[in-house]
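Taking it in order: structure first as structure tokens, then the write-up.
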Amino acid sequence: MSSNFISRLAPTPSGYLHFGNAFNFLLTYLLVNFHDGVLHLRIDDLDGPRVERTSVEDIFIQLEWLGIDYHFGPSGPDDLYSRFSQQLRKDRYFNAIEVLQKAGHLFACECSRSKIRKSSTSTIYPGICRNKNLNFLKDNQTWRVIVPEKTFVCYRTLTNNKNYIDLTTGIGDFVIRRRDGLPAYQIASLMDDIELGVNLIVRGSDLITSTGAQLFLAKCLNDSFFPAAHFVHHMLMKNESGKKLSKSSGDHSLKFLRNKFNRPTIVYQQSAEILDLPFEDIQTLQDLIEVFRTEMIQKNHLMGLDD
Ligand SMILES: [Zn+2]
């Protein structure tokens, strides 16, 4: 069953991890484990000052609680800051942005958020600065990627099917360099994935447009590696009122569950249930691995993993 999958857990330290994060981690872990692949931990801490140490610590605490082991990545907060932080790799992101700029894929945008909101009812940038040919400045501008009309991007699913994303209506001219001067998530994530050799990306369905944006950037950068990756976009976990879970310390946070239940059995069972696996007898991570393995061998793939 070996397919040399290389994947990553890529949490953002912006609060306390919740059940949705745990599900994403477990599903990634199960797929990598089943395929005898390699798993990285990559913490998306580009957001600098807004990243709090408690959020970083929470990631390591909850991964340990869940029993999720990874092959490569930081062993704790200090190791993150000294060797793995995205803060240490900013030059690589800026280099890629420069390549894109020189190749004519970008434009400078001076619109404020409120201006964009006022001139468009959708979340898609309405193209105000696209043809202004503003000089590229490092302050008080965002730099955007030109997404031409009718841009469709194709990605590979877990089982090698091809799905298409309409990037023009899905995300439009997206930001690659933020107003605060930082590289945007799209380029940082892409450059890291290429560098780590990631070829299996498991993420929530809310990030499907990011998949499209990153594949588009890879094409603009003449990268042939990333477009060959497999993508799994899984369903999002909702709270009782149907809202997407957020990184608060509320009762869906892993911190809360850990205090309440001591062992993560409930997280394993609920994750299995979402994957339509028999969950009642699952007590340990090993049980979950076995159930997942049996089902994958019998059915070859699971419900909902091929979107
Ligand atoms: Zn603009």
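The chains in the structure tokens are called A, B, ... from first to last as shown; in each chain the residues are counted from 1, and the ligands are counted from 1 in the order shown.
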Environment of ligand 1 within 12 Å, counting only C-alpha atoms and all ligand atoms, reported as JSON, numbers by chain: {"A": [106, 107, 108, 109, 110, 111, 112, 113, 114, 115, 116, 117, 119, 120, 124, 125, 126, 127, 128, 129, 130, 131, 132, 133, 134, 140, 141, 142, 143, 144, 145, 146, 173, 174, 175, 179]}
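Residues of stretch 55-175 of chain A assigned to strand (DSSP E) by DSSP on this structure's backbone: Leu106, Phe107, Ala108, Cys109, Thr142, Trp143, Arg144, Val145, Phe152, Val153, Cys154, Tyr155, Arg156, Thr157, Lys162, Asn163, Tyr164, Ile165, Asp166 and Val175 of chain A.
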Pick from A:Asn262, A:Asn199, A:Thr284, A:Ser75 nearest to A:Val38, counting only C-alpha atoms: A:Asn199
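Between A:Pro148 and the residues A:Met191, A:Val51, A:Leu27, A:Ile171, the shortest atom-to-atom distance, using only C-alpha atoms, involves A:Ile171.
The shortest atom-to-atom distance to A:Ile297, with only C-alpha atoms taken into account, belongs to A:Phe34 out of A:Phe279, A:Ile194, A:Val232, A:Phe34.
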Residues within 12 Å of A:Ile61, only C-alpha atoms, excluding chain neighbours under 6 positions, as a VMD selection string: chain A and resid 16 to 17 54 to 55 67 to 68 75 to 77 254 to 255 258 to 259
Residues of stretch 130-220 of chain A in alpha helix (DSSP H), written as an mmCIF file with C-alpha atoms, in the first residue's frame:
data_model
loop_
_atom_site.group_PDB
_atom_site.id
_atom_site.type_symbol
_atom_site.label_atom_id
_atom_site.label_comp_id
_atom_site.auth_asym_id
_atom_site.auth_seq_id
_atom_site.Cartn_x
_atom_site.Cartn_y
_atom_site.Cartn_z
ATOM 1 C CA LEU A 167 -10.506 30.647 -9.133
ATOM 2 C CA THR A 168 -11.953 33.773 -10.716
ATOM 3 C CA THR A 169 -15.242 33.553 -8.854
ATOM 4 C CA GLY A 170 -13.794 31.550 -5.949
ATOM 5 C CA TYR A 185 -0.469 32.684 3.941
ATOM 6 C CA GLN A 186 -0.843 31.444 0.339
ATOM 7 C CA ILE A 187 2.797 31.913 -0.608
ATOM 8 C CA ALA A 188 4.230 30.841 2.757
ATOM 9 C CA SER A 189 2.209 27.640 2.782
ATOM 10 C CA LEU A 190 3.107 26.852 -0.821
ATOM 11 C CA MET A 191 6.851 27.450 -0.406
ATOM 12 C CA ASP A 192 6.920 25.367 2.779
ATOM 13 C CA ASP A 193 5.009 22.513 1.186
ATOM 14 C CA ILE A 194 7.359 22.484 -1.795
ATOM 15 C CA GLU A 195 10.393 22.569 0.463
ATOM 16 C CA LEU A 196 9.133 19.743 2.669
ATOM 17 C CA ILE A 208 -10.534 24.730 -1.092
ATOM 18 C CA THR A 209 -10.011 28.172 -2.617
ATOM 19 C CA SER A 210 -6.598 28.272 -0.955
ATOM 20 C CA THR A 211 -5.809 25.007 -2.714
ATOM 21 C CA GLY A 212 -6.737 26.741 -5.954
ATOM 22 C CA ALA A 213 -4.696 29.853 -5.164
ATOM 23 C CA GLN A 214 -1.629 27.821 -4.242
ATOM 24 C CA LEU A 215 -1.859 25.647 -7.343
ATOM 25 C CA PHE A 216 -2.169 28.791 -9.439
ATOM 26 C CA LEU A 217 0.925 30.289 -7.764
ATOM 27 C CA ALA A 218 2.849 27.052 -8.354
ATOM 28 C CA LYS A 219 2.008 27.317 -12.031
ATOM 29 C CA CYS A 220 3.108 30.962 -12.145
#
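Atom CA of A:Ile201 to atom CA of A:Tyr29 spans 11.3 Å [interatomic distance, one decimal].
Near A:Ile289, within 12 Å and counting only C-alpha atoms, sit Leu26, Leu27, Thr28, Tyr29, Leu30, Leu31, Val32, Asn33, Phe34, His35, Gly67, Ile68, Tyr268, Gln269, Ser271, Ala272, Leu277, Pro278, Phe279, Ile282, Gln283, Thr284, Thr294, Glu295 and Met296 of chain A, not including residues fewer than 5 positions from it in the same chain.
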Now that the selection is made, can you save its residues with C-alpha atoms as a PDB file, in the first residue's frame?
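Output file selection_11.pdb follows:
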ATOM      1  CA  LEU A  26      -6.220  12.431  13.163  1.00  0.00           C
ATOM      2  CA  LEU A  27      -7.360  12.037   9.566  1.00  0.00           C
ATOM      3  CA  THR A  28      -3.974  13.206   8.268  1.00  0.00           C
ATOM      4  CA  TYR A  29      -2.208  10.896  10.700  1.00  0.00           C
ATOM      5  CA  LEU A  30      -4.400   7.906   9.770  1.00  0.00           C
ATOM      6  CA  LEU A  31      -3.857   8.387   6.044  1.00  0.00           C
ATOM      7  CA  VAL A  32      -0.097   8.786   6.400  1.00  0.00           C
ATOM      8  CA  ASN A  33       0.075   5.841   8.762  1.00  0.00           C
ATOM      9  CA  PHE A  34      -1.982   3.623   6.458  1.00  0.00           C
ATOM     10  CA  HIS A  35       0.199   4.468   3.483  1.00  0.00           C
ATOM     11  CA  GLY A  67      -0.950  10.503  20.860  1.00  0.00           C
ATOM     12  CA  ILE A  68      -0.098  11.878  17.432  1.00  0.00           C
ATOM     13  CA  TYR A 268     -11.256   9.213  18.588  1.00  0.00           C
ATOM     14  CA  GLN A 269     -14.833   7.942  18.646  1.00  0.00           C
ATOM     15  CA  SER A 271     -13.738  11.306  14.498  1.00  0.00           C
ATOM     16  CA  ALA A 272     -14.454   7.693  13.567  1.00  0.00           C
ATOM     17  CA  LEU A 277     -16.431   3.952  10.791  1.00  0.00           C
ATOM     18  CA  PRO A 278     -17.698   1.611  13.514  1.00  0.00           C
ATOM     19  CA  PHE A 279     -16.755   3.673  16.553  1.00  0.00           C
ATOM     20  CA  ILE A 282     -12.685   2.413  19.998  1.00  0.00           C
ATOM     21  CA  GLN A 283     -10.798   3.246  23.178  1.00  0.00           C
ATOM     22  CA  THR A 284      -7.261   4.035  22.056  1.00  0.00           C
ATOM     23  CA  THR A 294      -9.725  -2.455   8.039  1.00  0.00           C
ATOM     24  CA  GLU A 295     -12.180  -0.115   6.384  1.00  0.00           C
ATOM     25  CA  MET A 296      -9.612   1.257   3.934  1.00  0.00           C
TER      26      MET A 296
END
